[in-house]
Amino acid sequence: MEIVAANTEQTQKFAEEIAGVLKPGDVVALYGDLGAGKTTFVSMVAKALGFTDRVQSPTFVVSRIYGGGSSTSGIKYIHHLDLYRMQDSGDVRDLGMEDYLNQPDSVTFIEWPEVAEKYLPEKSVRIFFETLSENERKIHVQNLH
Ligand SMILES: Nc1ncnc2c1ncn2[C@@H]1O[C@H](COP(=O)(O)OP(=O)(O)OP(=O)(O)O)[C@@H](O)[C@H]1O
Ligand SMILES: [Mg+2]
C-alpha cells in the first residue's frame with residue numbers, strides 16, 4: 001500500500017486507517033530520513049487509538065511507553081523506540097529488544113530500525129517515509145495483515 005500525502009492532514013487520515021487495523025502484539029518498523037515523519041506518524045496513530053499521552057521523539061532515551069489507550073482496540077500500551085543512536089546490533093542486543101517485541105497487549109513502533117533488523121519478527125509491519133517536498137510525504141506500507 002502506498003500513498004502520497006500532500007500535507008499533514010492527509011498523513012493523519014492515513015494514520016487513522018492504519019490505526020484501525022493494528023492489533024495488540026504488532027511490531028511496526030518505521031524507515032525514513034530525518035524529518036520524514038516517523039515520530040509524527042506514531043503520534044497520529046496513538047491519538048487515533050485514543051492515547052492521550054504526549055508522543056515525543058524518544059531519541060535521547062531510546063524508548064518510551066504510552067498508556068491509557070482505548071479498550072476497543074485491545075491495545076493497552078504503545079512502545080516507542082528510536083534506535084538512531086545505536087551503533088550496531090550489539091547495542092541492540094544489550095537493549096533487550098525481546099522485552100519490547102513480545103508484548104501481547106502492546107504495539108511497538110521502532111524508528112531507525114535498520115540496526116535491529118535481525119531482531120525484528122518476520123511478521124513486522126514496515127512503513128517507509130519519503131520526503132517529496134516540504135509538506136509532501138510518500139508513505140509505503142509493507143506486510144500489513
Ligand atoms: N505530509 C506530512 N506528513 C507528516 N509530517 C509532515 C508532513 N509535511 C510536513 N511534515 C512535518 O515533517 C516533520 C516530521 O518530523 P518527525 O519528527 O516526525 O520526523 P522523524 O522521521 O521522526 O525524524 P527523526 O529521524 O529525526 O526522528 C514534522 O515537523 C511535520 O510537521
Ligand atoms: Mg523521530
# chains A, B, ... in the order shown; residues from 1 in each chain; ligands from 1
call {"tool": "residues_near_ligand", "arguments": {"ligand": "ligand 1", "cutoff": "6 Å", "atoms": "only C-alpha atoms and all ligand atoms", "output": "list of chain:residue names"}}
result
A:Ala5, A:Ala6, A:Asn7, A:Thr8, A:Thr11, A:Asp33, A:Leu34, A:Gly35, A:Ala36, A:Gly37, A:Lys38, A:Thr39, A:Thr40, A:Glu134, A:Asn135, A:Glu136, A:Arg137
call {"tool": "select_by_dssp", "arguments": {"residues": "chain A", "states": "strand (DSSP E)", "output": "PyMOL selection string"}}
result
chain A and resi 2-5+27-31+63-67+77-82+106-111+125-131+137-142
call {"tool": "residues_near_ligand", "arguments": {"ligand": "ligand 2", "cutoff": "12 Å", "atoms": "only C-alpha atoms and all ligand atoms", "output": "PyMOL selection string"}}
result
chain A and resi 30-43+55-60+62-63+80-85+109-113+129
call {"tool": "atom_distance", "arguments": {"atom1": "atom CA of Gly20 of chain A", "atom2": "atom CA of Lys118 of chain A"}}
result
27.7 Å
call {"tool": "atom_distance", "arguments": {"atom1": "atom CA of Asn102 of chain A", "atom2": "atom CA of Val27 of chain A"}}
result
9.1 Å
call {"tool": "select_by_dssp", "arguments": {"residues": "segment 35-122 of chain A", "states": "helix (DSSP H, G or I)", "output": "JSON, numbers by chain"}}
result
{"A": [38, 39, 40, 41, 42, 43, 44, 45, 46, 47, 48, 89, 90, 91, 92, 93, 94, 95, 97, 98, 99, 100, 101, 113, 114, 115, 116, 117, 118, 119]}
call {"tool": "atom_distance", "arguments": {"atom1": "atom CA of Val28 of chain A", "atom2": "atom CA of Asp53 of chain A"}}
result
19.0 Å
call {"tool": "residues_around", "arguments": {"residues": "His79 of chain A", "least_positions_apart": "6", "cutoff": "8 Å", "atoms": "only C-alpha atoms", "output": "list in words"}}
result
Ser63, Arg64, Ile65, Tyr66, Tyr100, Ser106, Val107, Thr108 and Phe109 of chain A
call {"tool": "closest_residue", "arguments": {"among": "A:Glu2, A:His145, A:Met86, A:Ile127", "to": "Val61 of chain A", "atoms": "only C-alpha atoms"}}
result
A:Met86
call {"tool": "closest_residue", "arguments": {"among": "A:Val115, A:Ile3, A:Val125, A:Val92", "to": "Leu22 of chain A", "atoms": "only C-alpha atoms"}}
result
A:Val125
call {"tool": "residues_around", "arguments": {"residues": "Lys76 of chain A", "least_positions_apart": "3", "cutoff": "10 Å", "atoms": "only C-alpha atoms", "output": "PyMOL selection string"}}
result
chain A and resi 24+49+51+66-73+103-107
